[in-house]
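Engineer: So here's structure.csv (CSV, C-alpha atoms and all ligand atoms).
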```csv
chain,number,residue,atom,x,y,z
A,81,MET,CA,0.0,0.0,0.0
A,82,GLN,CA,1.3,3.5,-0.8
A,83,GLN,CA,2.2,5.5,2.3
A,84,CYS,CA,2.6,9.2,2.9
A,85,THR,CA,4.1,11.0,5.9
A,86,PHE,CA,3.4,14.6,7.0
A,87,ASP,CA,4.9,17.1,9.3
A,88,VAL,CA,2.9,18.5,12.2
A,89,ILE,CA,2.8,22.2,11.5
A,90,ALA,CA,1.1,23.3,14.7
A,91,THR,CA,-0.7,22.2,17.8
A,92,ILE,CA,-4.1,23.2,19.3
A,93,GLN,CA,-4.6,24.5,22.8
A,94,SER,CA,-8.2,24.0,23.5
A,95,PRO,CA,-10.6,24.1,26.6
A,96,TYR,CA,-11.7,20.6,25.7
A,97,LYS,CA,-9.3,18.3,27.8
A,98,GLN,CA,-11.1,15.1,27.0
A,99,LYS,CA,-13.1,13.7,24.1
A,100,PHE,CA,-16.4,13.5,26.0
A,101,ALA,CA,-18.7,16.5,25.5
A,102,ILE,CA,-16.7,18.0,22.6
A,103,PRO,CA,-19.3,19.1,20.0
A,104,ARG,CA,-19.6,16.8,17.0
A,105,GLN,CA,-18.8,19.5,14.5
A,106,PRO,CA,-17.2,23.0,14.5
A,107,GLY,CA,-19.3,26.1,14.8
A,108,LEU,CA,-21.9,24.6,17.1
A,109,VAL,CA,-20.4,26.2,20.2
A,110,PRO,CA,-18.9,29.6,19.0
A,111,GLU,CA,-17.7,30.2,22.6
A,112,ALA,CA,-15.2,27.4,22.3
A,113,LYS,CA,-12.0,29.4,21.8
A,114,ALA,CA,-8.6,27.9,21.0
A,115,GLN,CA,-5.1,28.9,20.2
A,116,LEU,CA,-3.2,27.3,17.3
A,117,ILE,CA,0.5,27.3,18.2
A,118,PHE,CA,3.0,26.9,15.3
A,119,ALA,CA,5.7,24.3,15.5
A,120,PRO,CA,9.3,25.8,15.6
A,121,GLU,CA,9.9,25.1,11.9
A,122,PHE,CA,6.7,27.0,10.9
A,123,ASN,CA,6.9,29.7,13.6
A,124,ALA,CA,7.6,32.7,11.3
A,125,GLU,CA,5.4,35.5,10.0
A,126,PRO,CA,5.9,34.7,6.2
A,127,PHE,CA,4.0,31.5,6.6
A,128,ILE,CA,0.8,33.3,7.6
A,129,ARG,CA,1.2,36.7,5.9
A,130,GLY,CA,-2.3,37.7,4.7
A,131,ILE,CA,-4.2,35.0,6.8
A,132,GLU,CA,-5.9,37.7,8.9
A,133,GLU,CA,-7.8,38.8,5.8
A,134,PHE,CA,-9.9,35.6,6.0
A,135,SER,CA,-12.6,35.2,8.6
A,136,HIS,CA,-12.6,31.4,8.5
A,137,LEU,CA,-10.0,28.7,8.0
A,138,TRP,CA,-10.0,25.0,7.3
A,139,LEU,CA,-7.9,22.9,9.6
A,140,VAL,CA,-6.6,19.5,8.6
A,141,PHE,CA,-5.7,17.6,11.7
A,142,VAL,CA,-5.0,14.2,13.3
A,143,PHE,CA,-7.4,12.5,15.6
A,144,HIS,CA,-4.4,11.8,17.8
A,145,GLU,CA,-6.4,10.5,20.8
A,146,THR,CA,-8.0,7.7,18.8
A,147,ALA,CA,-5.3,7.1,16.2
A,148,GLY,CA,-4.1,3.5,16.2
A,149,LYS,CA,-7.1,2.3,18.2
A,150,GLY,CA,-8.7,0.6,15.3
A,151,TRP,CA,-11.4,1.3,12.7
A,152,SER,CA,-14.2,-0.5,11.0
A,153,PRO,CA,-15.6,-0.3,7.4
A,154,MET,CA,-19.0,0.5,8.9
A,155,VAL,CA,-19.9,2.7,11.8
A,156,ARG,CA,-22.9,3.7,13.8
A,157,PRO,CA,-23.3,7.5,13.7
A,158,PRO,CA,-24.6,8.9,17.0
A,159,ARG,CA,-27.0,11.1,15.0
A,160,LEU,CA,-28.9,7.9,14.0
A,161,GLY,CA,-29.3,6.9,17.6
A,162,GLY,CA,-26.3,4.5,17.4
A,163,ASN,CA,-28.3,1.6,15.9
A,164,GLN,CA,-28.0,2.2,12.1
A,165,ARG,CA,-24.8,1.4,10.2
A,166,LYS,CA,-23.2,3.6,7.5
A,167,GLY,CA,-19.9,3.2,5.6
A,168,VAL,CA,-17.0,4.9,7.4
A,169,PHE,CA,-16.5,7.2,4.3
A,170,ALA,CA,-20.2,8.2,4.5
A,171,THR,CA,-19.6,9.6,8.0
A,172,ARG,CA,-17.4,12.0,10.0
A,173,ALA,CA,-16.4,9.2,12.5
A,174,THR,CA,-13.1,9.7,14.3
A,175,PHE,CA,-12.1,6.0,13.9
A,176,ARG,CA,-11.1,5.8,10.2
A,177,PRO,CA,-8.3,4.2,8.1
A,178,ASN,CA,-6.4,7.5,8.1
A,179,PRO,CA,-7.2,9.3,11.4
A,180,ILE,CA,-7.6,12.7,9.7
A,181,GLY,CA,-10.1,15.3,10.6
A,182,LEU,CA,-11.3,18.5,8.8
A,183,SER,CA,-12.9,21.5,10.6
A,184,VAL,CA,-13.8,25.0,9.5
A,185,VAL,CA,-13.2,27.4,12.3
A,186,GLN,CA,-13.5,31.2,12.8
A,187,LEU,CA,-10.2,33.2,12.8
A,188,GLU,CA,-10.4,35.8,15.6
A,189,GLY,CA,-6.9,37.0,15.6
A,190,VAL,CA,-3.2,36.5,14.8
A,191,ARG,CA,-0.6,37.2,17.5
A,192,CYS,CA,3.0,36.9,18.2
A,193,VAL,CA,3.5,36.4,22.0
A,194,ASN,CA,7.2,36.1,23.2
A,195,LYS,CA,8.3,35.2,19.7
A,196,GLN,CA,5.6,32.5,19.3
A,197,TRP,CA,3.1,33.0,16.5
A,198,GLN,CA,-0.4,31.9,17.2
A,199,LEU,CA,-3.9,32.0,15.7
A,200,ASP,CA,-6.9,32.7,17.9
A,201,LEU,CA,-9.8,30.5,16.8
A,202,ALA,CA,-13.4,30.1,17.8
A,203,GLY,CA,-16.1,27.5,17.4
A,204,ILE,CA,-13.7,24.6,17.5
A,205,ASP,CA,-14.4,20.9,17.9
A,206,LEU,CA,-10.9,19.8,18.7
A,207,LEU,CA,-9.3,18.2,21.7
A,208,ASP,CA,-6.4,19.9,23.5
A,209,GLY,CA,-3.1,18.9,21.9
A,210,THR,CA,-4.6,18.1,18.5
A,211,PRO,CA,-1.8,18.0,15.9
A,212,ILE,CA,-2.5,20.2,12.8
A,213,LEU,CA,-1.3,19.1,9.4
A,214,ASP,CA,-2.5,22.0,7.3
A,215,ILE,CA,-4.4,25.3,7.3
A,216,LYS,CA,-6.3,26.6,4.3
A,217,PRO,CA,-8.5,29.7,4.0
A,218,TYR,CA,-12.2,29.0,3.7
A,219,LEU,CA,-13.5,30.2,0.3
A,220,PRO,CA,-17.3,30.8,0.5
A,221,TYR,CA,-17.8,31.0,-3.3
A,222,SER,CA,-16.5,27.5,-3.6
A,223,ASP,CA,-16.7,25.8,-0.1
A,224,ALA,CA,-20.3,26.9,0.7
A,225,ILE,CA,-23.0,24.9,-1.2
A,226,PRO,CA,-26.3,26.0,0.3
A,227,ASP,CA,-28.4,23.4,-1.6
A,228,ALA,CA,-26.1,20.4,-0.9
A,229,GLN,CA,-27.7,17.1,0.3
A,230,ALA,CA,-26.4,15.8,3.6
A,231,SER,CA,-28.4,12.7,4.4
A,232,PHE,CA,-28.8,12.1,8.2
A,233,ALA,CA,-26.8,15.2,9.0
A,234,ASP,CA,-28.7,17.8,6.9
A,235,SER,CA,-29.0,20.4,9.8
A,236,ALA,CA,-27.4,21.2,13.1
A,237,PRO,CA,-28.6,18.8,15.8
A,238,GLU,CA,-31.6,20.0,17.8
A,239,THR,CA,-31.7,18.2,21.2
A,240,GLY,CA,-34.4,20.2,23.0
A,241,MET,CA,-32.3,20.0,26.1
A,242,THR,CA,-32.4,22.8,28.7
A,243,VAL,CA,-29.7,23.8,31.1
A,244,SER,CA,-29.7,25.4,34.5
A,245,PHE,CA,-27.0,26.2,37.1
A,246,SER,CA,-27.0,26.0,40.9
A,247,ALA,CA,-26.4,29.4,42.6
A,248,GLU,CA,-22.9,28.3,43.5
A,249,ALA,CA,-22.0,27.2,39.9
A,250,GLU,CA,-23.5,30.5,38.6
A,251,ARG,CA,-21.4,32.5,41.1
A,252,TYR,CA,-18.3,30.6,40.1
A,253,CYS,CA,-18.8,31.5,36.4
A,254,GLN,CA,-19.4,35.2,37.3
A,255,SER,CA,-16.1,35.3,39.3
A,256,GLN,CA,-14.1,34.1,36.3
A,257,ASN,CA,-13.2,37.5,34.7
A,258,HIS,CA,-10.5,35.9,32.5
A,259,GLN,CA,-13.1,33.5,31.0
A,260,PRO,CA,-16.2,35.7,30.6
A,261,GLU,CA,-18.0,33.2,28.4
A,262,LEU,CA,-17.6,30.2,30.7
A,263,LYS,CA,-21.3,29.9,31.5
A,264,LEU,CA,-22.3,30.2,27.9
A,265,LEU,CA,-19.6,27.6,26.9
A,266,ILE,CA,-20.9,25.1,29.5
A,267,GLU,CA,-24.5,25.8,28.5
A,268,LYS,CA,-24.0,25.4,24.8
A,269,VAL,CA,-21.8,22.3,25.2
A,270,LEU,CA,-24.6,20.7,27.4
A,271,LYS,CA,-27.4,21.7,25.0
A,272,GLN,CA,-25.6,19.5,22.4
A,273,ASP,CA,-26.4,16.6,24.8
A,274,PRO,CA,-23.0,14.9,24.9
A,275,ARG,CA,-24.4,11.6,26.4
A,276,PRO,CA,-24.0,8.4,24.3
A,277,PRO,CA,-27.1,7.3,22.5
A,278,TYR,CA,-27.8,4.4,24.8
A,279,LYS,CA,-27.8,6.7,27.9
A,280,LYS,CA,-30.3,9.1,26.2
A,281,LYS,CA,-32.8,6.2,26.2
A,282,GLN,CA,-32.5,5.6,30.0
A,283,THR,CA,-34.9,7.2,32.4
A,284,GLY,CA,-34.0,8.3,35.9
A,285,GLU,CA,-31.4,10.8,37.1
A,286,GLN,CA,-27.9,10.4,35.6
A,287,SER,CA,-24.7,12.1,36.9
A,288,TYR,CA,-21.9,13.3,34.6
A,289,GLY,CA,-18.6,15.2,34.8
A,290,MET,CA,-16.3,16.8,32.2
A,291,THR,CA,-13.2,18.8,32.2
A,292,LEU,CA,-13.2,22.3,30.5
A,293,TYR,CA,-10.0,24.4,30.8
A,294,ASN,CA,-8.7,23.3,34.3
A,295,LEU,CA,-12.2,22.9,35.7
A,296,ASN,CA,-14.2,19.9,36.7
A,297,ILE,CA,-17.9,20.5,35.7
A,298,GLN,CA,-20.4,18.2,37.4
A,299,TRP,CA,-24.1,18.0,36.3
A,300,LYS,CA,-27.1,15.8,36.6
A,301,VAL,CA,-29.6,14.9,33.8
A,302,THR,CA,-33.3,14.4,34.5
A,303,GLY,CA,-35.5,14.0,31.4
A,304,ASP,CA,-34.5,16.7,29.0
A,305,HIS,CA,-32.8,18.9,31.6
A,306,HIS,CA,-29.1,19.3,32.6
A,307,TYR,CA,-28.5,20.8,36.0
A,308,VAL,CA,-25.0,22.0,36.6
A,309,TYR,CA,-24.4,21.8,40.4
A,310,ALA,CA,-20.6,22.1,40.8
A,311,ILE,CA,-17.7,23.7,39.1
A,312,THR,CA,-14.3,23.1,40.8
A,313,PRO,CA,-10.7,23.8,39.7
A,314,LEU,CA,-8.8,20.5,39.2
A,315,GLY,CA,-6.5,19.7,42.1
A,316,ASP,CA,-8.9,21.3,44.6
A,401,LIG,N1,-15.0,18.3,12.1
A,401,LIG,C1,-14.2,17.1,12.1
A,401,LIG,C2,-14.4,16.3,10.9
A,401,LIG,O1,-15.5,16.3,10.4
A,401,LIG,O2,-13.4,15.6,10.5
A,401,LIG,C3,-14.3,16.3,13.4
A,401,LIG,C4,-15.6,15.6,13.5
A,401,LIG,S1,-15.6,14.4,14.7
A,401,LIG,C5,-17.2,13.7,14.6
A,401,LIG,C6,-15.7,15.4,16.2
A,401,LIG,C7,-15.3,14.6,17.4
A,401,LIG,O3,-14.0,14.3,17.3
A,401,LIG,C8,-15.4,15.4,18.7
A,401,LIG,O4,-16.7,15.4,19.2
A,401,LIG,C9,-14.4,14.8,19.6
A,401,LIG,O5,-15.0,13.7,20.3
A,401,LIG,C10,-13.4,14.1,18.6
A,401,LIG,N2,-12.1,14.7,18.6
A,401,LIG,C11,-11.7,16.0,18.5
A,401,LIG,N3,-10.4,16.1,18.5
A,401,LIG,C12,-9.9,14.8,18.6
A,401,LIG,C13,-8.6,14.3,18.6
A,401,LIG,N4,-7.5,15.1,18.6
A,401,LIG,N5,-8.5,13.0,18.7
A,401,LIG,C14,-9.5,12.2,18.8
A,401,LIG,N6,-10.8,12.6,18.7
A,401,LIG,C15,-11.0,13.9,18.7
```
Now, as a test, write the supplied structure out as structure tokens.
Structural biologist:
Amino acid sequence: MQQCTFDVIATIQSPYKQKFAIPRQPGLVPEAKAQLIFAPEFNAEPFIRGIEEFSHLWLVFVFHETAGKGWSPMVRPPRLGGNQRKGVFATRATFRPNPIGLSVVQLEGVRCVNKQWQLDLAGIDLLDGTPILDIKPYLPYSDAIPDAQASFADSAPETGMTVSFSAEAERYCQSQNHQPELKLLIEKVLKQDPRPPYKKKQTGEQSYGMTLYNLNIQWKVTGDHHYVYAITPLGD
């Protein structure tokens, strides 16, 4: 079989520290901000000259967390409730022959901090530490196809889930001046309903936790409602 190798040009610093609860596509949670940090060989202004003139970028990346953990010719997309099978190339599954992902993200800024070039991004669906293989500008005249057919994923998922916070969790969010959008980030992540399909079918209260930034977020699900009851810094 023909093989190709690629250089990692950059790495993502993301609030998503674990796979669980990351939105299934970019743009669903605009408050999910990330930094793209260039690798030393690509850490120079000429590589990105003019990039700030584009509002959105394509990122080509490696599903590094699941790479090497196997794949199957057919997968069960969560959008179909986890019980219908589709060909891996008819889905955006992370487990694929080449563990390569593709996301369009918003470019919010370009900065050089202590001689390190970085791109500030929003609306990401990438795990912290994701290796980036390439960056390309998003071209609306060619990349946006409004009347395209998209089978089982023809619109953004609507879960109907609602979210509320305990007074303590609410206070914690308000005290985080350096993360002013923390509450919205949590709310929008939970509205995506990150639970696996089989859990969504279960009745009765369920408890969950996720890590965002350096925070442990704990919530309970009853029916179609998420209740965030605790936000605690890791290590506390
Ligand atoms: N937009 C991309 C695409 O279509 O190729 C990714 C879609 S994939 C369904 C999105 C999921 O990939 C996220 O919900 C998260 O669980 C997972 N993910 C994100 N970054 C990852 C990484 N570096 N390694 C493994 N899984 C990752």
Engineer: Give me the residues near stretch 193-209 of chain A as a PyMOL selection string, where near means some atom within 7 Å (using all atoms listed in the file) and where sequence neighbours in that chain fewer than 6 positions away do not count.
Structural biologist: chain A and resi 91-99+102-118+123-124+185-187
Engineer: May I have the residues within 10 Å of A:Phe232 as a list of chain:residue names, using only C-alpha atoms and disregarding those fewer than 3 positions away in the same chain?
Structural biologist: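 The neighbour list is A:Pro157, A:Arg159, A:Leu160, A:Thr171, A:Gln229, A:Ser235.
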Engineer: Atom C8 of ligand LIG 401 (chain A) and atom CA of A:Phe141, how far apart in Å?
Structural biologist: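 Distance reported for this atom pair: 12.2 Å.
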Engineer: Using all atoms listed in the file, which of A:Ser231, A:Thr210, A:Ser222, A:Lys300 sits nearest A:Val243?
Structural biologist: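 Ranking A:Ser231, A:Thr210, A:Ser222, A:Lys300 by distance to A:Val243, first place goes to A:Lys300.
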Engineer: Give the answer as one residue: which of A:Val190, A:Val140, A:Cys253, A:Leu292 has the shortest atom-to-atom distance to ligand LIG 401 (chain A), using only C-alpha atoms and all ligand atoms?
Structural biologist: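 When distances to ligand LIG 401 (chain A) are compared using only C-alpha atoms and all ligand atoms, the smallest one comes from A:Val140.
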Engineer: Residues near A:Arg251, anyone? I mean within 12 Å using only C-alpha atoms, not counting same-chain ones fewer than 2 positions away, as a JSON list (two decimals) with C-alpha atoms, in the coordinates of the input.
Structural biologist:
```json
[["chain", "number", "residue", "atom", "x", "y", "z"],
["A", 245, "PHE", "CA", -27.00, 26.20, 37.10],
["A", 246, "SER", "CA", -27.00, 26.00, 40.90],
["A", 247, "ALA", "CA", -26.40, 29.40, 42.60],
["A", 248, "GLU", "CA", -22.90, 28.30, 43.50],
["A", 249, "ALA", "CA", -22.00, 27.20, 39.90],
["A", 253, "CYS", "CA", -18.80, 31.50, 36.40],
["A", 254, "GLN", "CA", -19.40, 35.20, 37.30],
["A", 255, "SER", "CA", -16.10, 35.30, 39.30],
["A", 256, "GLN", "CA", -14.10, 34.10, 36.30],
["A", 257, "ASN", "CA", -13.20, 37.50, 34.70],
["A", 262, "LEU", "CA", -17.60, 30.20, 30.70],
["A", 263, "LYS", "CA", -21.30, 29.90, 31.50],
["A", 308, "VAL", "CA", -25.00, 22.00, 36.60],
["A", 309, "TYR", "CA", -24.40, 21.80, 40.40],
["A", 310, "ALA", "CA", -20.60, 22.10, 40.80],
["A", 311, "ILE", "CA", -17.70, 23.70, 39.10],
["A", 312, "THR", "CA", -14.30, 23.10, 40.80]]
```
Engineer: Could you check which of A:Gly148, A:Pro126, A:Pro211, A:Pro277 is closest to ligand LIG 401 (chain A), using all atoms listed in the file?
Structural biologist: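 Ranking A:Gly148, A:Pro126, A:Pro211, A:Pro277 by distance to ligand LIG 401 (chain A), first place goes to A:Pro211.
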Engineer: Rounded to one decimal, what separation in Å do you get between atom C1 of ligand LIG 401 (chain A) and atom CA of A:Asp273?
Structural biologist: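 So the answer is 17.6 Å.
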Engineer: Take atom O2 of ligand LIG 401 (chain A) and atom CA of A:Gly161 and report the distance between them in Å, one decimal.
Structural biologist: 19.5 Å
Engineer: Determine the nearest neighbour of A:Glu132 from the options A:His305, A:Lys166, A:Lys279, A:Arg191, counting only C-alpha atoms.
Structural biologist: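 Of all the options, A:Arg191 lies closest to A:Glu132.
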Engineer: Using all atoms listed in the file, determine which residues lie at most 10 Å from A:Phe134, disregarding the query and same-chain residues fewer than 4 positions distant; provide the list as a list in words.
Structural biologist: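 The neighbour list is Gly130, Gln186, Leu187, Glu188, Lys216, Pro217, Tyr218 and Leu219 of chain A.
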Engineer: Looking at only C-alpha atoms, which of A:Ser244, A:Asn294, A:Phe86, A:Asp227 is the one that sits closest to A:Ile180?
Structural biologist: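 Closest candidate: A:Phe86.
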Engineer: Which residue is closest to ligand LIG 401 (chain A)? Choose from A:Gly150, A:Gly303, A:Pro274, A:Pro220 and count only C-alpha atoms and all ligand atoms.
Structural biologist: A:Pro274
Engineer: A:Thr146: which residues within 8 Å, counting only C-alpha atoms, same-chain residues fewer than 6 positions away excluded, as a list in words?
Structural biologist: Thr174, Phe175 and Pro179 of chain A
Engineer: Listed atoms of stretch 286-297 of chain A, axis-aligned box, 6 Å per side: centre and edge lengths to one decimal in Å, as AutoDock Vina command-line options?
Structural biologist:
```
--center_x -18.3 --center_y 17.4 --center_z 33.7 --size_x 31.2 --size_y 26.0 --size_z 18.4
```
Engineer: Since the input is missing atoms, can you rebuild N, CA and C atoms for stretch 152-170 of chain A and write them as an mmCIF file, in the frame of the given file?
Structural biologist:
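So the final result, stored in out_35.cif, reads:
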```
data_model
loop_
_atom_site.group_PDB
_atom_site.id
_atom_site.type_symbol
_atom_site.label_atom_id
_atom_site.label_comp_id
_atom_site.auth_asym_id
_atom_site.auth_seq_id
_atom_site.Cartn_x
_atom_site.Cartn_y
_atom_site.Cartn_z
ATOM 1 N N SER A 152 -13.345 0.508 11.556
ATOM 2 C CA SER A 152 -14.200 -0.500 11.000
ATOM 3 C C SER A 152 -14.790 0.050 9.669
ATOM 4 N N PRO A 153 -15.029 -0.777 8.657
ATOM 5 C CA PRO A 153 -15.600 -0.300 7.400
ATOM 6 C C PRO A 153 -16.977 0.354 7.585
ATOM 7 N N MET A 154 -17.694 -0.092 8.628
ATOM 8 C CA MET A 154 -19.000 0.500 8.900
ATOM 9 C C MET A 154 -19.078 0.995 10.322
ATOM 10 N N VAL A 155 -19.775 2.124 10.503
ATOM 11 C CA VAL A 155 -19.900 2.700 11.800
ATOM 12 C C VAL A 155 -21.327 3.076 12.138
ATOM 13 N N ARG A 156 -21.585 3.350 13.410
ATOM 14 C CA ARG A 156 -22.900 3.700 13.800
ATOM 15 C C ARG A 156 -22.971 5.166 14.242
ATOM 16 N N PRO A 157 -23.371 6.062 13.329
ATOM 17 C CA PRO A 157 -23.300 7.500 13.700
ATOM 18 C C PRO A 157 -24.271 7.811 14.849
ATOM 19 N N PRO A 158 -23.780 8.561 15.844
ATOM 20 C CA PRO A 158 -24.600 8.900 17.000
ATOM 21 C C PRO A 158 -25.900 9.655 16.549
ATOM 22 N N ARG A 159 -25.837 10.414 15.458
ATOM 23 C CA ARG A 159 -27.000 11.100 15.000
ATOM 24 C C ARG A 159 -28.157 10.181 14.612
ATOM 25 N N LEU A 160 -27.816 8.915 14.335
ATOM 26 C CA LEU A 160 -28.900 7.900 14.000
ATOM 27 C C LEU A 160 -29.205 7.075 15.197
ATOM 28 N N GLY A 161 -28.874 7.570 16.379
ATOM 29 C CA GLY A 161 -29.300 6.900 17.600
ATOM 30 C C GLY A 161 -28.339 5.696 17.913
ATOM 31 N N GLY A 162 -27.296 5.516 17.133
ATOM 32 C CA GLY A 162 -26.300 4.500 17.400
ATOM 33 C C GLY A 162 -26.765 3.083 17.013
ATOM 34 N N ASN A 163 -27.886 2.962 16.268
ATOM 35 C CA ASN A 163 -28.300 1.600 15.900
ATOM 36 C C ASN A 163 -28.414 1.391 14.376
ATOM 37 N N GLN A 164 -27.991 2.381 13.583
ATOM 38 C CA GLN A 164 -28.000 2.200 12.100
ATOM 39 C C GLN A 164 -26.515 2.271 11.654
ATOM 40 N N ARG A 165 -26.154 1.459 10.690
ATOM 41 C CA ARG A 165 -24.800 1.400 10.200
ATOM 42 C C ARG A 165 -24.617 2.141 8.891
ATOM 43 N N LYS A 166 -23.496 2.867 8.771
ATOM 44 C CA LYS A 166 -23.200 3.600 7.500
ATOM 45 C C LYS A 166 -21.688 3.283 7.226
ATOM 46 N N GLY A 167 -21.307 3.380 5.959
ATOM 47 C CA GLY A 167 -19.900 3.200 5.600
ATOM 48 C C GLY A 167 -19.056 4.305 6.218
ATOM 49 N N VAL A 168 -17.871 3.942 6.661
ATOM 50 C CA VAL A 168 -17.000 4.900 7.400
ATOM 51 C C VAL A 168 -16.812 6.174 6.508
ATOM 52 N N PHE A 169 -16.732 6.001 5.170
ATOM 53 C CA PHE A 169 -16.500 7.200 4.300
ATOM 54 C C PHE A 169 -17.798 7.961 4.067
ATOM 55 N N ALA A 170 -18.922 7.469 4.595
ATOM 56 C CA ALA A 170 -20.200 8.200 4.500
ATOM 57 C C ALA A 170 -20.447 8.904 5.862
#
```
